[in-house]
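S.K.: Encoded as structure tokens, here's the structure I'll be asking about.
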Amino acid sequence: MHSVVQTVTDRIIARSKESRAKYLAGLDEAKNNGVHRSSLSCGNLAHGFAACNPDDKQAIKALTKANIGIVTSFNDMLSAHQPYETYPDLLKKACSEVGSVAQVAAGVPAMCDGVTQGQPGMELSLLSREVIAMSTAIGLSHNMFDGALLLGICDKIVPGLLIGALSFGHLPMLFVPAGPMKSGIPNKEKARIRQLYAQGKLDRTALLEAESASYHSAGTCTFYGTANSNQLMLEVMGLQLPGSSFVNPDDPLREVLNKTAAKQVCRLTEMGTQYTPIGKVVNEKSIVNGIVALLATGGSTNLTMHIVAAARAAGVIVNWDDFSELSDAVPLIARVYPNGHADINHFHAAGGMAFLIKELLDAGLLHEDVNTVAGYGLRKYTQEPRLIDGEIVWVDGQADSLDTEVLTKVGEPFQVNGGLKLLKGNLGRAVIKVSAVNEEHRIVEAPAVVIDDQNKLDAIFQSGELDKDCVVVVKGQGPKAVGMPELHKLTPILGTLQDRGFKVALLTDGRMSGASGKVPAAIHLTPEALDGGLIAKVQNGDMIRVDANTGELTLLVSDTEIASREAEKVDLRSTSYGMGRELFGALRSNLSSPETGARCTNTIDEIY
């Protein structure tokens, strides 16, 4: 193992010793209770299978067959999740073919940040993760199931499903992806058109035509944002089948992979031959594997919160120092937009997950000795599925990249360190995604332009007041204040300023997330303005230094001057009501800091 990866892993294991032990003890207690539906009364059980066909009723009564719960995030507004409409019937049939039963246990909400960007609904996005986790738990709480299939792909849906699933960590569970849409217009062209629209050089019709040519069919968006980062993370952590992440929804291989996943989860139950509960798949080593893979590919900054929260749900304590130390040691070996010109389909075609995992394993950057849903050992994930005569055959993946502009070897990296940097200073702690930021743009020292609402920046830009070096500070956007919305509405404006030759950066206690691009963005700042963060005292014209190379984040104002200032109050009146936001007040006020996962749920070690 690479010395840094081993050191960080050992530190996480030591830090998590007590909390992980309590979590595993809880798993053993749940497992020792046996098949849970055996504890149900006759009335309970009758309710649970009342709508089943006679054969399934008999199987559930007899307690001789595994019953698999399906938790689905299907809706047909969200392109990534639209394919899930037909999955339950397919998965039920596949389970039946191996002598098991399956029932839809729950539906969970699935919202799209792409639809809600710049809208009030965006303020519910991060909060939806907690709702999804709780909805997953409610679905599995009927004590009817021996395992589960989790149907989710996008931003908060996968982390929510994973957190909820880990509260039933004694059960085997397997994620079933649906895959990305086929490539539309290049993402770089889409970004160019967005900037031209922001500059007033193109009308809305031209903009909508470009967006429609990019987001054009069922499947995930093709850029390497949070949705595709989720899929990469799940596969490297051994939570879905090898090579299943990026097969298009209409590819014949997709349906066979789905059936294989259903049959495999049945084998993983106590009634099967390979009992492997999800709480034993997700451990310190698999979590480090997920982090390393994200860093090696320039994945979404959202995962700096989601991995922390999901890890904590399994009794594992991870922090941003772990991310940063690993990032310094892990080379960037993939370039997928916004870190390059290619999209996720190109990544898959160039060698994809099998090549990536083999390179990282051979370099000692991933732990091989882990449980996975495909069996023991991560080396299985260096293979990829092929469809031969209607059956899946796993074959060795590419030994060499088929496109070295998209995927490269560890010994020939695009940059020697990963795509993430921890920033520290008197302003607090923040993360910055540097994999898409050119070297000449990584250090910005400039006066602050302070706003408390991303919608206010356009008027300043149109007036010409932003034609200068500046650090745009968007305060009052943290989890407790407004649910930490993403601020992508700022991207075209900031990108235009950078193209005009100005030194520009973003600083916020909100998010920029998976599509963080060429403009340096110090995000997830903690403590947030509402929690006493110094960002609440920043004023227009204050000099700020953002150094993505050294990790410095400093308000260049004297301590005496800072002490004399009153923190600007965060006005929550306009963001606490409307679009359902009033329903989430209690949830929002209890969210923890971004570095601790921005979570509001308790873990077993916090209760006992």
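Every chain in the structure tokens has a letter given in the order shown (A, B, ...), and although residue numbers restart at 1 in each chain, ligands are simply numbered from 1 in the order shown.
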Report as a ChimeraX atom specification all protein, DNA and RNA residues lying within 8 Å of A:Pro83, evaluated on only C-alpha atoms, omitting residues in the same chain fewer than 3 positions from it.
M.R.: /A:74,76,79-80,86-87,178,218-219,249
S.K.: Which residues, written as a list in words, have at least one atom at most 9 Å from A:Leu361, with only C-alpha atoms counted and residues fewer than 6 positions away on the same chain left out?
M.R.: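 The contact residues come out as Met1, His367, Glu368, Leu378, Arg379 and Thr382 of chain A.
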S.K.: Set the distance at 10 Å and use only C-alpha atoms: which residues neighbour A:Lys280 once local chain neighbours fewer than 2 positions away are removed? I'd like the list as an mmCIF file with N, CA and C atoms, in the first residue's frame.
M.R.:
```
data_model
loop_
_atom_site.group_PDB
_atom_site.id
_atom_site.type_symbol
_atom_site.label_atom_id
_atom_site.label_comp_id
_atom_site.auth_asym_id
_atom_site.auth_seq_id
_atom_site.Cartn_x
_atom_site.Cartn_y
_atom_site.Cartn_z
ATOM 1 N N LEU A 24 -20.977 -2.073 14.765
ATOM 2 C CA LEU A 24 -20.915 -3.500 14.455
ATOM 3 C C LEU A 24 -21.657 -4.333 15.499
ATOM 4 N N LEU A 27 -25.167 -4.304 14.507
ATOM 5 C CA LEU A 27 -25.422 -5.218 13.396
ATOM 6 C C LEU A 27 -25.574 -6.653 13.891
ATOM 7 N N LEU A 166 -27.591 1.968 5.682
ATOM 8 C CA LEU A 166 -26.637 1.609 6.727
ATOM 9 C C LEU A 166 -27.283 1.525 8.104
ATOM 10 N N GLY A 169 -27.773 -2.128 8.547
ATOM 11 C CA GLY A 169 -26.514 -2.647 8.041
ATOM 12 C C GLY A 169 -26.352 -4.148 8.118
ATOM 13 N N HIS A 170 -27.244 -4.836 8.840
ATOM 14 C CA HIS A 170 -27.179 -6.299 8.920
ATOM 15 C C HIS A 170 -27.756 -6.960 7.675
ATOM 16 N N LEU A 171 -28.395 -6.182 6.811
ATOM 17 C CA LEU A 171 -28.985 -6.725 5.589
ATOM 18 C C LEU A 171 -28.051 -6.509 4.402
ATOM 19 N N PRO A 172 -27.951 -7.460 3.499
ATOM 20 C CA PRO A 172 -27.211 -7.221 2.257
ATOM 21 C C PRO A 172 -27.998 -6.291 1.349
ATOM 22 N N THR A 276 -23.401 -11.349 2.963
ATOM 23 C CA THR A 276 -22.532 -10.167 2.990
ATOM 24 C C THR A 276 -23.373 -8.938 3.285
ATOM 25 N N PRO A 277 -23.528 -8.558 4.539
ATOM 26 C CA PRO A 277 -24.349 -7.387 4.877
ATOM 27 C C PRO A 277 -23.659 -6.093 4.467
ATOM 28 N N ILE A 278 -24.443 -5.090 4.141
ATOM 29 C CA ILE A 278 -23.887 -3.822 3.666
ATOM 30 C C ILE A 278 -23.021 -3.163 4.731
ATOM 31 N N VAL A 282 -19.266 -1.608 3.752
ATOM 32 C CA VAL A 282 -18.854 -0.236 4.028
ATOM 33 C C VAL A 282 -18.059 -0.218 5.319
ATOM 34 N N ASN A 283 -16.747 -0.044 5.189
ATOM 35 C CA ASN A 283 -15.877 0.060 6.360
ATOM 36 C C ASN A 283 -14.791 1.093 6.084
ATOM 37 N N GLU A 284 -13.825 1.184 6.968
ATOM 38 C CA GLU A 284 -12.805 2.224 6.832
ATOM 39 C C GLU A 284 -12.054 2.121 5.510
ATOM 40 N N SER A 286 -13.020 0.607 2.590
ATOM 41 C CA SER A 286 -13.835 0.886 1.405
ATOM 42 C C SER A 286 -14.138 2.374 1.279
ATOM 43 N N ALA A 314 -22.013 4.481 9.318
ATOM 44 C CA ALA A 314 -21.418 3.154 9.505
ATOM 45 C C ALA A 314 -20.417 3.146 10.656
ATOM 46 N N VAL A 370 -11.117 -6.054 0.703
ATOM 47 C CA VAL A 370 -12.421 -5.531 1.130
ATOM 48 C C VAL A 370 -13.527 -6.470 0.657
ATOM 49 N N ASN A 371 -14.638 -6.433 1.374
ATOM 50 C CA ASN A 371 -15.847 -7.115 0.911
ATOM 51 C C ASN A 371 -16.525 -6.280 -0.172
ATOM 52 N N THR A 372 -17.126 -6.951 -1.143
ATOM 53 C CA THR A 372 -17.912 -6.279 -2.170
ATOM 54 C C THR A 372 -19.163 -7.104 -2.445
#
```
S.K.: Fewer than 2 positions away in the same chain doesn't count, so skip those; otherwise give me all residues within 12 Å of A:Glu325, counting only C-alpha atoms, as a PyMOL selection string.
M.R.: chain A and resi 3-9+11+288+291-292+295+318-323+327-330+417-422+551
S.K.: Write to file, as a PDB file, in the first residue's frame, the residues of the selection just made, with N, CA and C atoms.
M.R.:
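What landed in part31.pdb:
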```
ATOM      1  N   SER A   3       2.185   4.586   1.230  1.00  0.00           N
ATOM      2  CA  SER A   3       2.373   4.921   2.651  1.00  0.00           C
ATOM      3  C   SER A   3       1.345   5.939   3.144  1.00  0.00           C
ATOM      4  N   VAL A   4       1.017   6.929   2.317  1.00  0.00           N
ATOM      5  CA  VAL A   4       0.060   7.951   2.750  1.00  0.00           C
ATOM      6  C   VAL A   4      -1.341   7.359   2.869  1.00  0.00           C
ATOM      7  N   VAL A   5      -1.718   6.535   1.898  1.00  0.00           N
ATOM      8  CA  VAL A   5      -3.043   5.901   1.954  1.00  0.00           C
ATOM      9  C   VAL A   5      -3.146   5.027   3.197  1.00  0.00           C
ATOM     10  N   GLN A   6      -2.084   4.296   3.499  1.00  0.00           N
ATOM     11  CA  GLN A   6      -2.102   3.439   4.677  1.00  0.00           C
ATOM     12  C   GLN A   6      -2.145   4.259   5.960  1.00  0.00           C
ATOM     13  N   THR A   7      -1.378   5.343   5.994  1.00  0.00           N
ATOM     14  CA  THR A   7      -1.351   6.197   7.187  1.00  0.00           C
ATOM     15  C   THR A   7      -2.722   6.810   7.456  1.00  0.00           C
ATOM     16  N   VAL A   8      -3.350   7.330   6.415  1.00  0.00           N
ATOM     17  CA  VAL A   8      -4.679   7.936   6.584  1.00  0.00           C
ATOM     18  C   VAL A   8      -5.694   6.876   6.999  1.00  0.00           C
ATOM     19  N   THR A   9      -5.622   5.705   6.387  1.00  0.00           N
ATOM     20  CA  THR A   9      -6.541   4.621   6.746  1.00  0.00           C
ATOM     21  C   THR A   9      -6.365   4.227   8.210  1.00  0.00           C
ATOM     22  N   ARG A  11      -5.233   6.024  10.596  1.00  0.00           N
ATOM     23  CA  ARG A  11      -5.719   7.115  11.439  1.00  0.00           C
ATOM     24  C   ARG A  11      -7.243   7.080  11.554  1.00  0.00           C
ATOM     25  N   VAL A 288     -12.087   4.822   2.311  1.00  0.00           N
ATOM     26  CA  VAL A 288     -10.854   5.403   1.770  1.00  0.00           C
ATOM     27  C   VAL A 288     -10.761   5.129   0.268  1.00  0.00           C
ATOM     28  N   ILE A 291     -12.871   7.652  -1.540  1.00  0.00           N
ATOM     29  CA  ILE A 291     -12.244   8.975  -1.554  1.00  0.00           C
ATOM     30  C   ILE A 291     -11.111   9.017  -2.573  1.00  0.00           C
ATOM     31  N   VAL A 292     -10.261   8.005  -2.564  1.00  0.00           N
ATOM     32  CA  VAL A 292      -9.119   7.968  -3.480  1.00  0.00           C
ATOM     33  C   VAL A 292      -9.588   8.021  -4.929  1.00  0.00           C
ATOM     34  N   LEU A 295     -10.734  11.482  -5.899  1.00  0.00           N
ATOM     35  CA  LEU A 295      -9.602  12.397  -6.045  1.00  0.00           C
ATOM     36  C   LEU A 295      -8.843  12.124  -7.340  1.00  0.00           C
ATOM     37  N   VAL A 318     -14.633  10.419   9.378  1.00  0.00           N
ATOM     38  CA  VAL A 318     -13.742  10.962   8.354  1.00  0.00           C
ATOM     39  C   VAL A 318     -13.845  12.479   8.395  1.00  0.00           C
ATOM     40  N   ASN A 319     -12.728  13.178   8.115  1.00  0.00           N
ATOM     41  CA  ASN A 319     -12.791  14.639   8.055  1.00  0.00           C
ATOM     42  C   ASN A 319     -12.039  15.158   6.831  1.00  0.00           C
ATOM     43  N   TRP A 320     -12.054  16.469   6.658  1.00  0.00           N
ATOM     44  CA  TRP A 320     -11.453  17.069   5.463  1.00  0.00           C
ATOM     45  C   TRP A 320      -9.930  16.971   5.454  1.00  0.00           C
ATOM     46  N   ASP A 321      -9.310  16.840   6.607  1.00  0.00           N
ATOM     47  CA  ASP A 321      -7.866  16.625   6.622  1.00  0.00           C
ATOM     48  C   ASP A 321      -7.516  15.312   5.928  1.00  0.00           C
ATOM     49  N   ASP A 322      -8.366  14.309   6.107  1.00  0.00           N
ATOM     50  CA  ASP A 322      -8.153  13.029   5.427  1.00  0.00           C
ATOM     51  C   ASP A 322      -8.221  13.209   3.910  1.00  0.00           C
ATOM     52  N   PHE A 323      -9.254  13.924   3.449  1.00  0.00           N
ATOM     53  CA  PHE A 323      -9.397  14.195   2.019  1.00  0.00           C
ATOM     54  C   PHE A 323      -8.156  14.919   1.491  1.00  0.00           C
ATOM     55  N   SER A 327      -5.423  13.697  -1.147  1.00  0.00           N
ATOM     56  CA  SER A 327      -5.347  14.423  -2.420  1.00  0.00           C
ATOM     57  C   SER A 327      -3.918  14.799  -2.775  1.00  0.00           C
ATOM     58  N   ASP A 328      -3.098  15.091  -1.776  1.00  0.00           N
ATOM     59  CA  ASP A 328      -1.700  15.431  -2.030  1.00  0.00           C
ATOM     60  C   ASP A 328      -0.906  14.236  -2.559  1.00  0.00           C
ATOM     61  N   ALA A 329      -1.404  13.021  -2.285  1.00  0.00           N
ATOM     62  CA  ALA A 329      -0.666  11.808  -2.655  1.00  0.00           C
ATOM     63  C   ALA A 329      -1.238  11.095  -3.879  1.00  0.00           C
ATOM     64  N   VAL A 330      -2.495  11.376  -4.201  1.00  0.00           N
ATOM     65  CA  VAL A 330      -3.170  10.648  -5.283  1.00  0.00           C
ATOM     66  C   VAL A 330      -3.089  11.448  -6.580  1.00  0.00           C
ATOM     67  N   ASN A 417      -1.096  15.472  -8.129  1.00  0.00           N
ATOM     68  CA  ASN A 417      -1.983  15.344  -6.973  1.00  0.00           C
ATOM     69  C   ASN A 417      -3.435  15.367  -7.427  1.00  0.00           C
ATOM     70  N   GLY A 418      -4.319  15.091  -6.478  1.00  0.00           N
ATOM     71  CA  GLY A 418      -5.733  14.935  -6.803  1.00  0.00           C
ATOM     72  C   GLY A 418      -6.451  16.242  -7.058  1.00  0.00           C
ATOM     73  N   GLY A 419      -7.742  16.153  -7.193  1.00  0.00           N
ATOM     74  CA  GLY A 419      -8.528  17.297  -7.629  1.00  0.00           C
ATOM     75  C   GLY A 419      -9.067  18.170  -6.522  1.00  0.00           C
ATOM     76  N   LEU A 420      -8.613  17.972  -5.277  1.00  0.00           N
ATOM     77  CA  LEU A 420      -9.229  18.676  -4.153  1.00  0.00           C
ATOM     78  C   LEU A 420      -8.163  19.254  -3.240  1.00  0.00           C
ATOM     79  N   LYS A 421      -8.485  20.412  -2.650  1.00  0.00           N
ATOM     80  CA  LYS A 421      -7.572  21.038  -1.695  1.00  0.00           C
ATOM     81  C   LYS A 421      -8.366  21.585  -0.514  1.00  0.00           C
ATOM     82  N   LEU A 422      -7.833  21.407   0.674  1.00  0.00           N
ATOM     83  CA  LEU A 422      -8.418  22.005   1.870  1.00  0.00           C
ATOM     84  C   LEU A 422      -7.817  23.393   2.046  1.00  0.00           C
ATOM     85  N   GLY A 551      -3.072  26.285   0.169  1.00  0.00           N
ATOM     86  CA  GLY A 551      -4.219  26.039   1.031  1.00  0.00           C
ATOM     87  C   GLY A 551      -4.565  27.204   1.934  1.00  0.00           C
TER      88      GLY A 551
END
```
S.K.: From stretch 347-576 of chain A, collect each residue whose DSSP state is strand (DSSP E) and return the set as a PyMOL selection string.
M.R.: chain A and resi 371-372+375-376+383-388+391-396+420-425+428-433+443-451+470-474+504-508+521-526+543-547+552-555
S.K.: Residues near stretch 453-455 of chain A, anyone? I mean within 10 Å using only C-alpha atoms, not counting same-chain ones fewer than 3 positions away, as a compact mmCIF listing (two decimals) with C-alpha atoms, in the first residue's frame.
M.R.:
```txt
# COMPACT_ATOMS: atom_id res chain seq x y z
CA GLY A 118 -31.15 29.57 -8.96
CA GLN A 119 -34.70 28.80 -7.80
CA VAL A 450 -20.12 40.92 -1.10
CA ASP A 458 -26.15 39.73 -12.46
CA ALA A 459 -27.15 43.37 -11.99
CA ILE A 460 -23.65 44.21 -10.71
CA VAL A 472 -17.13 37.35 -5.01
CA VAL A 473 -18.32 36.57 -1.48
CA VAL A 474 -21.78 35.01 -1.15
CA LYS A 475 -22.62 34.84 2.55
CA GLY A 476 -25.60 33.41 4.41
CA GLN A 477 -25.81 30.32 2.19
CA PRO A 485 -27.97 25.75 -2.23
CA GLU A 486 -25.63 25.33 -5.16
CA LEU A 487 -24.63 28.62 -6.78
CA HIS A 488 -24.19 27.64 -10.42
CA LYS A 489 -26.06 30.71 -11.58
CA LEU A 490 -22.77 32.52 -10.92
```
S.K.: Please provide the set of residues having any atom within 8 Å of A:Lys480, restricted to only C-alpha atoms, with same-chain residues fewer than 3 positions apart removed, written as a PyMOL selection string.
M.R.: chain A and resi 483-484+530-531+588-592
S.K.: Let me see the file: selected residues, C-alpha atoms, as a PDB file, in the first residue's frame.
M.R.:
```pdb
ATOM      1  CA  GLY A 483     -30.014  24.655   3.259  1.00  0.00           C
ATOM      2  CA  MET A 484     -26.760  25.302   1.374  1.00  0.00           C
ATOM      3  CA  LEU A 530     -25.290  32.040  10.699  1.00  0.00           C
ATOM      4  CA  ASP A 531     -23.021  30.033  13.005  1.00  0.00           C
ATOM      5  CA  ARG A 588     -32.512  22.903   8.542  1.00  0.00           C
ATOM      6  CA  SER A 589     -31.767  24.383  11.952  1.00  0.00           C
ATOM      7  CA  ASN A 590     -30.342  21.066  13.160  1.00  0.00           C
ATOM      8  CA  LEU A 591     -27.917  20.440  10.304  1.00  0.00           C
ATOM      9  CA  SER A 592     -24.296  20.078  11.337  1.00  0.00           C
TER      10      SER A 592
END
```
S.K.: Excluding A:Asn426 and any residue of its chain fewer than 6 positions from it, enumerate the residues within 8 Å of it, using only C-alpha atoms, and give them as a list of chain:residue names.
M.R.: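 Near A:Asn426, the qualifying residues are A:Leu534, A:Leu553, A:Thr554, A:Leu555.
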S.K.: Select from stretch 149-373 of chain A everything DSSP, run on the backbone, classes as alpha helix (DSSP H), then give the selection as a VMD selection string.
M.R.: chain A and resid 157 to 166 187 to 198 204 to 214 226 to 236 252 to 267 278 to 281 284 to 297 303 to 313 320 to 329 344 to 350 352 to 362
S.K.: A:Pro492, A:Pro385, A:Val308, A:Asp547: which is nearest A:Ser593, counting only C-alpha atoms?
M.R.: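 The closest residue to A:Ser593 is A:Val308.
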S.K.: For a quick check of understanding, using only C-alpha atoms, which of A:Leu127, A:Ala94, A:Tyr337, A:Ile70 has the smallest distance to A:Phe584?
M.R.: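 Residue with the minimum atom-to-atom distance to A:Phe584: A:Leu127.
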